Amino acid sequence: MKGPRSSKSLFRAISGRGSREKVHRETGLAGLEIEEVPQAPEERRALDLYPTGEPEAIRGLLARDGARIRALGRVWEPAAGYGHLSHEIEAFGLPCAVSDVADHGCPGVEVRSFYDYHRALAPAIITNPPYAEINARDGHGRWLRHTLEMPGWSYCALLLSWDWPAARANGLGALLDRHPFSYCYLMRWKLDFTGEGSPPQRNAWFIWDRDWTGSEPAFRFMDRTDGERLKMADLFA
């Protein structure tokens, strides 16, 4: 009589482990080895174009930081894409310079790489940067490093994955240790960048303010209703 069938083969078939190369890493625990299964790299869109089509994200930022941004007088959106962010910024009553590495249809866009700019076009920068240029794995924090080295701005808001600052690889951790963000707004809803539903991550606005006087990064929540309140205020102004 045969014993009970092992579930290992079924698990491997479901998880795909049977067809992947196994990588072993020795730990410091008496030579104990941990089996790591490399994950297939995510297939990303050309030029990392993930437009911020949901207006509540930028409206929420303008509702919270609008007074600070207005005081600076002008905004630069250096990864303009289709113009979703710049449209809302201009509707808020602020002039917005727009640029991108390619023309995706944003009116008035200057087609130029972000890295070709050596001075900010405006004292406030607001953008959803290409993640492959700012993450630890692929971008090594390059986008942030270039931003921090660039003169001419006082306020910078970057829309990123909530877990982005936790990565330490390839110098990003050291960069954030030296130049931490001033504060962040964690969104208590999920943005759908692909339009396919079921967004997998949470996002936050990370803010660098060169006039910030706090000693540690501050944490704040942002709700979808923040942006809705801003729109209603515009309608009844």
# chains A, B, ... in the order shown; residues from 1 in each chain; ligands from 1
call {"tool": "select_by_dssp", "arguments": {"residues": "stretch 71-217 of chain A", "states": "strand (DSSP E)", "output": "ChimeraX atom specification"}}
result
/A:75-77,96-100,110-111,124-127,155-161,183-187,203-209
call {"tool": "atom_distance", "arguments": {"atom1": "atom CA of A:Ser154", "atom2": "atom CA of A:Leu94"}}
result
15.8 Å
call {"tool": "atom_distance", "arguments": {"atom1": "atom CA of A:Gly214", "atom2": "atom CA of A:Glu88"}}
result
29.0 Å
call {"tool": "residues_around", "arguments": {"residues": "A:Glu56", "least_positions_apart": "4", "cutoff": "8 Å", "atoms": "only C-alpha atoms", "output": "ChimeraX atom specification"}}
result
/A:60,224-228
call {"tool": "atom_distance", "arguments": {"atom1": "atom CA of A:Leu158", "atom2": "atom CA of A:Thr127"}}
result
5.4 Å
call {"tool": "select_by_dssp", "arguments": {"residues": "stretch 45-155 of chain A", "states": "helix (DSSP H, G or I)", "output": "PyMOL selection string"}}
result
chain A and resi 46-48+56-72+84-91+114-116+131-134+142-149
call {"tool": "write_last_selection", "arguments": {"atoms": "C-alpha atoms", "output": "mmCIF file, in the first residue's frame"}}
result
data_model
loop_
_atom_site.group_PDB
_atom_site.id
_atom_site.type_symbol
_atom_site.label_atom_id
_atom_site.label_comp_id
_atom_site.auth_asym_id
_atom_site.auth_seq_id
_atom_site.Cartn_x
_atom_site.Cartn_y
_atom_site.Cartn_z
ATOM 1 C CA ALA A 46 8.362 51.580 -22.170
ATOM 2 C CA LEU A 47 10.055 54.631 -20.594
ATOM 3 C CA ASP A 48 8.439 53.566 -17.305
ATOM 4 C CA GLU A 56 -7.206 62.678 -5.988
ATOM 5 C CA ALA A 57 -3.447 62.104 -5.532
ATOM 6 C CA ILE A 58 -2.350 65.536 -6.733
ATOM 7 C CA ARG A 59 -5.476 67.238 -5.394
ATOM 8 C CA GLY A 60 -4.725 65.804 -1.976
ATOM 9 C CA LEU A 61 -1.204 67.221 -2.121
ATOM 10 C CA LEU A 62 -2.484 70.620 -3.202
ATOM 11 C CA ALA A 63 -5.092 70.555 -0.448
ATOM 12 C CA ARG A 64 -2.430 69.861 2.174
ATOM 13 C CA ASP A 65 0.573 71.827 0.858
ATOM 14 C CA GLY A 66 -1.156 74.315 -1.424
ATOM 15 C CA ALA A 67 -0.238 77.371 0.657
ATOM 16 C CA ARG A 68 3.439 76.418 0.667
ATOM 17 C CA ILE A 69 3.453 75.729 -3.073
ATOM 18 C CA ARG A 70 1.556 78.936 -3.888
ATOM 19 C CA ALA A 71 4.125 80.936 -1.934
ATOM 20 C CA LEU A 72 6.805 79.648 -4.300
ATOM 21 C CA HIS A 84 -2.350 64.544 -15.550
ATOM 22 C CA LEU A 85 -0.453 66.279 -12.744
ATOM 23 C CA SER A 86 0.303 69.504 -14.579
ATOM 24 C CA HIS A 87 -3.351 69.876 -15.594
ATOM 25 C CA GLU A 88 -4.448 69.789 -11.945
ATOM 26 C CA ILE A 89 -1.637 72.103 -10.859
ATOM 27 C CA GLU A 90 -2.654 74.677 -13.480
ATOM 28 C CA ALA A 91 -6.323 74.274 -12.519
ATOM 29 C CA PHE A 114 15.688 65.225 -16.722
ATOM 30 C CA TYR A 115 19.437 64.650 -16.408
ATOM 31 C CA ASP A 116 20.148 67.365 -18.976
ATOM 32 C CA TYR A 131 10.463 54.253 -10.798
ATOM 33 C CA ALA A 132 13.260 52.508 -12.682
ATOM 34 C CA GLU A 133 15.286 55.714 -12.330
ATOM 35 C CA ILE A 134 14.807 56.234 -8.604
ATOM 36 C CA ARG A 142 19.811 58.304 -9.576
ATOM 37 C CA TRP A 143 16.745 60.534 -10.011
ATOM 38 C CA LEU A 144 16.784 61.645 -6.393
ATOM 39 C CA ARG A 145 20.546 62.178 -6.410
ATOM 40 C CA HIS A 146 20.310 64.439 -9.458
ATOM 41 C CA THR A 147 17.431 66.356 -7.890
ATOM 42 C CA LEU A 148 19.311 66.953 -4.650
ATOM 43 C CA GLU A 149 22.374 68.192 -6.541
#
call {"tool": "closest_residue", "arguments": {"among": "A:Gly83, A:Pro95, A:Pro217, A:Pro200", "to": "A:His179", "atoms": "only C-alpha atoms"}}
result
A:Pro217
